[in-house]
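> Compact mmCIF, C-alpha atoms, file my_file-v1.txt:
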# COMPACT_ATOMS: atom_id res chain seq x y z
CA MET A 131 42.68 -12.30 15.08
CA LYS A 132 40.91 -9.82 12.80
CA SER A 133 39.55 -6.64 14.38
CA LEU A 134 35.79 -6.48 14.97
CA ALA A 135 35.78 -2.63 14.93
CA PRO A 136 34.63 -2.19 11.28
CA ILE A 137 31.80 -4.71 11.80
CA MET A 138 30.76 -3.02 15.05
CA MET A 139 30.76 0.40 13.36
CA VAL A 140 28.43 -0.84 10.60
CA PHE A 141 25.96 -2.27 13.07
CA MET A 142 26.13 0.85 15.26
CA LEU A 143 25.27 3.00 12.23
CA LEU A 144 22.43 0.69 11.28
CA PHE A 145 21.05 0.63 14.84
CA ASN A 146 21.13 4.39 15.25
CA ALA A 147 19.66 5.03 11.80
CA CYS A 148 16.72 2.65 12.04
CA ASP A 149 13.71 4.60 13.25
CA ASN A 150 11.09 2.36 11.72
CA LYS A 151 8.07 1.25 13.66
CA SER A 152 6.96 -2.37 13.57
CA SER A 153 4.33 -1.54 10.95
CA GLU A 154 7.11 -0.33 8.65
CA SER A 155 9.14 -3.55 8.74
CA PRO A 156 9.38 -4.92 5.20
CA VAL A 157 8.21 -8.42 4.35
CA GLU A 158 10.81 -10.69 2.82
CA SER A 159 9.35 -10.42 -0.68
CA GLN A 160 9.11 -6.62 -0.68
CA THR A 161 11.14 -4.86 -3.38
CA PRO A 162 11.51 -1.09 -2.93
CA PRO A 163 10.30 0.75 -6.05
CA SER A 164 12.57 2.85 -8.23
CA SER A 165 13.03 6.42 -7.04
CA THR A 166 12.07 9.51 -8.97
CA GLY A 167 12.88 13.07 -8.04
CA ALA A 168 15.29 12.17 -5.25
CA ASN A 169 17.68 15.01 -6.06
CA GLY A 170 17.80 17.79 -3.48
CA VAL A 171 18.17 18.21 0.28
CA TRP A 172 16.33 16.04 2.78
CA ASN A 173 15.94 16.14 6.57
CA ARG A 174 15.07 13.18 8.78
CA TYR A 175 12.00 13.69 10.97
CA GLY A 176 10.11 11.72 13.60
CA SER A 177 13.24 9.94 14.85
CA ALA A 178 12.51 7.72 17.84
CA TYR A 179 15.97 8.59 19.17
CA GLY A 180 15.80 12.33 18.49
CA TYR A 181 18.68 12.24 16.01
CA ASN A 182 18.79 14.76 13.14
CA THR A 183 20.24 13.92 9.74
CA ASP A 184 20.65 15.90 6.51
CA VAL A 185 21.00 14.22 3.13
CA GLN A 186 21.85 15.92 -0.16
CA VAL A 187 21.49 14.04 -3.42
CA GLY A 188 23.26 15.80 -6.30
CA GLY A 189 23.71 19.54 -6.68
CA ILE A 190 26.85 19.60 -4.50
CA SER A 191 29.30 22.30 -5.57
CA GLY A 192 32.43 20.89 -7.17
CA GLU A 193 31.15 17.31 -7.10
CA SER A 194 29.74 15.05 -9.79
CA ALA A 195 25.99 15.10 -10.40
CA ASN A 196 25.46 11.75 -8.65
CA ARG A 197 27.37 12.59 -5.45
CA VAL A 198 25.50 12.07 -2.14
CA TYR A 199 26.34 13.59 1.26
CA MET A 200 24.81 12.43 4.55
CA CYS A 201 25.33 14.60 7.64
CA GLU A 202 24.62 12.90 10.97
CA GLN A 203 24.28 15.83 13.35
CA PRO A 204 25.77 16.07 16.87
CA GLY A 205 23.89 14.01 19.45
CA SER A 206 24.07 10.84 17.40
CA PRO A 207 26.80 8.35 18.41
CA THR A 208 27.62 8.09 14.70
CA ALA A 209 27.67 11.84 14.00
CA GLY A 210 29.76 12.88 11.02
CA LEU A 211 29.81 13.46 7.29
CA TYR A 212 29.39 10.43 5.04
CA LYS A 213 29.82 10.49 1.27
CA GLY A 214 28.50 8.18 -1.41
CA MET A 215 27.44 7.88 -5.03
CA LEU A 216 23.97 7.46 -6.54
CA GLN A 217 24.25 4.60 -9.00
CA ALA A 218 22.90 4.45 -12.57
CA ASP A 219 19.60 2.93 -11.41
CA LYS A 220 18.91 6.27 -9.61
CA LYS A 221 17.91 4.50 -6.42
CA THR A 222 20.99 2.74 -5.02
CA ILE A 223 23.48 4.70 -2.89
CA THR A 224 26.91 3.12 -2.54
CA TRP A 225 28.89 4.79 0.24
CA ASP A 226 32.60 5.51 0.03
CA ALA A 227 34.64 2.51 1.20
CA ALA A 228 36.12 4.42 4.14
CA HIS A 229 32.70 4.51 5.86
CA ARG A 230 32.11 0.72 5.74
CA LEU A 231 28.38 1.20 5.21
CA PRO A 232 26.09 -1.13 3.25
CA ASP A 233 24.18 0.12 0.21
CA TYR A 234 21.04 2.18 0.79
CA ILE A 235 18.02 1.99 -1.52
CA ILE A 236 15.95 5.16 -1.96
CA GLN A 237 12.21 4.66 -1.69
CA MET A 238 10.15 7.68 -2.66
CA GLU A 239 6.76 8.39 -1.15
CA GLY A 240 5.32 11.04 -3.43
CA ASN A 241 7.53 14.02 -4.25
CA ASP A 242 8.24 15.24 -0.71
CA ARG A 243 8.85 12.12 1.37
CA MET A 244 11.37 9.31 1.15
CA ARG A 245 12.86 6.46 3.15
CA PHE A 246 16.07 4.46 2.91
CA TYR A 247 15.83 0.69 2.66
CA ILE A 248 18.94 -1.30 3.67
CA PRO A 249 18.89 -4.74 1.99
CA ALA A 250 21.81 -6.01 4.12
CA ALA A 251 19.71 -5.49 7.26
CA SER A 252 16.25 -5.99 5.73
CA THR A 253 15.02 -2.79 7.34
CA PHE A 254 14.28 0.88 6.73
CA ALA A 255 16.53 3.67 8.03
CA GLY A 256 14.69 6.86 8.82
CA THR A 257 11.98 8.89 7.14
CA TYR A 258 12.88 12.11 5.32
CA GLN A 259 11.16 15.20 3.97
CA ARG A 260 12.48 17.97 1.75
CA GLY A 261 14.34 20.64 3.70
CA SER A 262 17.59 22.57 3.98
CA TRP A 263 21.21 21.61 4.50
CA THR A 264 22.68 22.52 7.89
CA GLY A 265 26.10 20.88 7.42
CA VAL A 266 26.54 20.61 11.20
CA CYS A 267 28.39 17.28 11.42
CA SER A 268 30.90 15.98 13.93
CA GLY A 269 32.24 12.75 15.35
CA GLY A 270 32.36 9.75 13.03
CA GLY A 271 32.82 11.83 9.91
CA SER A 272 34.60 15.13 9.35
CA ASN A 273 33.93 18.79 8.61
CA ASN A 274 37.08 18.94 6.53
CA GLY A 275 36.92 20.08 2.94
CA GLN A 276 38.42 18.44 -0.14
CA ALA A 277 41.02 20.03 -2.41
CA THR A 278 41.75 18.36 -5.74
CA PHE A 279 44.36 19.33 -8.33
CA TRP A 280 44.03 18.00 -11.86
CA THR A 281 45.16 18.68 -15.42
CA ARG A 282 43.23 18.73 -18.68
CA SER A 283 46.09 17.37 -20.80
CA ASP A 284 49.35 15.45 -20.56
CA GLN A 285 52.07 18.02 -19.86
CA GLY A 286 54.78 15.62 -21.00
CA CYS A 287 56.78 16.12 -17.81
CA GLY A 288 55.92 13.04 -15.79
CA ASN A 289 53.83 13.00 -12.64
CA ILE A 290 53.05 16.43 -11.17
CA GLY A 291 53.75 16.72 -7.45
CA VAL A 292 51.51 19.11 -5.48
CA THR A 293 52.62 20.13 -1.99
CA ILE A 294 50.48 21.67 0.77
CA ASN A 295 51.69 21.99 4.38
CA GLY A 296 54.64 19.72 3.68
CA THR A 297 52.48 16.92 2.24
CA THR A 298 52.92 16.02 -1.42
CA LYS A 299 50.34 14.26 -3.57
CA HIS A 300 50.73 13.47 -7.28
CA ILE A 301 48.72 14.03 -10.46
CA THR A 302 49.23 10.87 -12.48
CA SER A 303 46.63 11.19 -15.23
CA TYR A 304 44.55 13.85 -17.01
CA TYR A 305 40.88 14.61 -17.73
CA SER A 306 40.37 16.08 -21.18
CA GLY A 307 36.61 16.21 -20.65
CA GLY A 308 36.78 18.75 -17.84
CA ASN A 309 36.58 18.92 -14.05
CA PRO A 310 36.45 15.35 -12.64
CA GLY A 311 35.28 16.47 -9.18
CA CYS A 312 36.95 15.94 -5.85
CA SER A 313 38.71 12.69 -4.93
CA ALA A 314 38.92 11.61 -8.58
CA SER A 315 41.45 8.94 -9.47
CA GLY A 316 44.79 10.17 -10.83
CA CYS A 317 44.45 13.60 -9.17
CA ALA A 318 46.32 15.15 -6.24
CA ASN A 319 43.64 14.91 -3.54
CA PHE A 320 43.85 16.55 -0.12
CA ASP A 321 41.56 16.36 2.93
CA LEU A 322 42.00 19.64 4.84
CA ALA A 323 40.47 21.67 7.64
CA PRO A 324 38.67 24.80 6.40
CA GLY A 325 41.06 27.64 5.59
CA THR A 326 43.29 29.19 2.93
CA TYR A 327 46.36 27.23 1.88
CA THR A 328 49.35 27.97 -0.33
CA PHE A 329 50.42 25.25 -2.72
CA ALA A 330 53.44 24.51 -4.90
CA ALA A 331 53.34 22.12 -7.84
CA LYS A 332 56.11 20.91 -10.09
CA CYS A 333 57.21 18.33 -12.61
CA ASP A 334 60.20 18.08 -14.95
CA GLY A 335 60.69 21.61 -16.31
CA TYR A 336 57.49 23.16 -14.96
CA SER A 337 56.35 24.71 -11.69
CA TRP A 338 53.19 26.37 -10.39
CA SER A 339 52.21 28.05 -7.11
CA GLY A 340 49.25 29.84 -5.63
CA SER A 341 46.58 29.56 -2.96
CA ILE A 342 43.35 27.63 -2.55
CA VAL A 343 40.40 28.15 -0.20
CA VAL A 344 38.96 25.07 1.49
CA THR A 345 35.47 25.25 2.99
CA ALA A 346 33.80 22.90 5.50
CA ASN A 347 32.39 19.85 3.69
CA GLY A 348 33.20 21.58 0.41
CA CYS A 349 35.11 20.68 -2.73
CA SER A 350 37.76 23.02 -4.11
Output the structure of this file as structure tokens.

Amino acid sequence: MKSLAPIMMVFMLLFNACDNKSSESPVESQTPPSSTGANGVWNRYGSAYGYNTDVQVGGISGESANRVYMCEQPGSPTAGLYKGMLQADKKTITWDAAHRLPDYIIQMEGNDRMRFYIPAASTFAGTYQRGSWTGVCSGGGSNNGQATFWTRSDQGCGNIGVTINGTTKHITSYYSGGNPGCSASGCANFDLAPGTYTFAAKCDGYSWSGSIVVTANGCS
């Protein structure tokens, strides 16, 4: 028998996020308009359940320009840090697979208000206004930071193994165009509690060592 836990988690997140009143329920034919000016930090307000949520669209240090972070603050049963990507249409947020969340559609209301529409549930999830990032997340997500090691060119020495705290990850490809951001494919990616770590890296004929600082919810 397959586990129902992932399905239950999705519906728990949807239930806790949906603060819409009956007057806000979309009709079946409604199509949320394209978003403009969604970049920046947003705070949920007027939650019927009293839950606080921060959302940052773009502008995240060390991440790609279309990265999205959602911080469900303590008090919510689904508290935690959730990460996603803003797609090319500039309105669809696809969350990282680990979170098992459906796509969100950004609906702007002027320049300082927005809502999320969830097509999979045919409902809205919260109302947001521009604000500031608190980063106080716990529970379903994590306050860990990301550490990514990458190379700009092929060193000609095979895969590069990077070791931190006895765990080794491998760099298997290179990015000639520059920093690919955290969690990029082909990089040595680590999920670590905030702190300073020493690392050792090596491949056939080469070795490197040093330290790296990991910050809460950050990308190093």
> Between A:Ser313, A:Asn289, A:Asn274, A:Asn169, which one has atoms that come closest to Leu211 in chain A, using all atoms listed in the file?
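Distance minimum relative to Leu211 in chain A lands on A:Asn274.
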> Kindly extract all protein, DNA and RNA residues lying within 10 Å of the coordinates (44.3, 20.3, -2.5) given in the file, considering only C-alpha atoms, and supply them as a ChimeraX atom specification.
/A:275-280,292-294,298-299,312-313,317-322,327-329,341-344,349-350
> How far is it from CA of Gly348 in chain A to CA of Gly265 in chain A, in Å with one decimal?
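Between these atoms lies a distance of 10.0 Å.
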> List the neighbours of Asp226 in chain A out to 12 Å using only C-alpha atoms; skip same-chain residues closer than 6 positions along the sequence, and give me the result as number ranges by chain.
A: 197-200, 211-216, 232-233, 271, 313
> Would you mind reading off the distance between CA of Lys332 in chain A and CA of Glu193 in chain A, one decimal, in Å?
25.4 Å
> So that I can check the surroundings of Trp263 in chain A, please list as a ChimeraX atom specification every protein, DNA and RNA residue that reaches within 8 Å of it, counting all atoms listed in the file and ignoring chain neighbours fewer than 5 positions away.
/A:171-173,184-186
> Between A:Ala331, A:Ala255, A:Cys201, A:Ala209, which one has atoms that come closest to Ala178 in chain A, using all atoms listed in the file?
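Nearest to Ala178 in chain A: A:Ala255.
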> What is the CA of Arg245 in chain A-CA of Ala218 in chain A distance in Å, reported with one decimal?
18.8 Å
> Once you add 8 Å to each side, what are the centre and edge lengths of the axis-aligned box holding all listed atoms of range 168-172 of chain A? One decimal in Å, as lines of an AutoDock Vina configuration file, if you can.

center_x = 16.7
center_y = 15.2
center_z = -1.6
size_x = 18.9
size_y = 22.0
size_z = 24.8
> What lies within 12 Å of Gly307 in chain A using only C-alpha atoms, ignoring chain neighbours under 4 positions off, as an NGL selection string?
:A and (280-283 or 311)
> Under the rule that only C-alpha atoms are counted, which of A:Thr345, A:Gly192, A:Gln259, A:Ala168 is the nearest residue to Gly325 in chain A?
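Checking each of A:Thr345, A:Gly192, A:Gln259, A:Ala168 against Gly325 in chain A, counting only C-alpha atoms, the winner is A:Thr345.
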> In terms of the shortest atom-to-atom distance over all atoms listed in the file, which of A:Val187, A:Val266, A:Ala314, A:Ala250 is closest to Ile236 in chain A?
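Closest candidate: A:Val187.
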> Tell me, as a PyMOL selection string, which residues lie within 8 Å of Gly288 in chain A, counting only C-alpha atoms; anything in the same chain fewer than 4 positions away does not count.
chain A and resi 302+333-334
> Go through A:Tyr336, A:Tyr305, A:Tyr181, A:Ile248 and flag the residue nearest Thr224 in chain A, using only C-alpha atoms for the distances.
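That would be A:Ile248, the residue with the smallest distance to Thr224 in chain A.
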> Given the point (18.7, -0.8, -1.8) in the file's coordinates, find the residues that have an atom at most 6 Å from it, counting all atoms listed in the file, and give them as a list in words.
Thr222, Asp233, Tyr234, Ile235, Tyr247, Ile248 and Pro249 of chain A
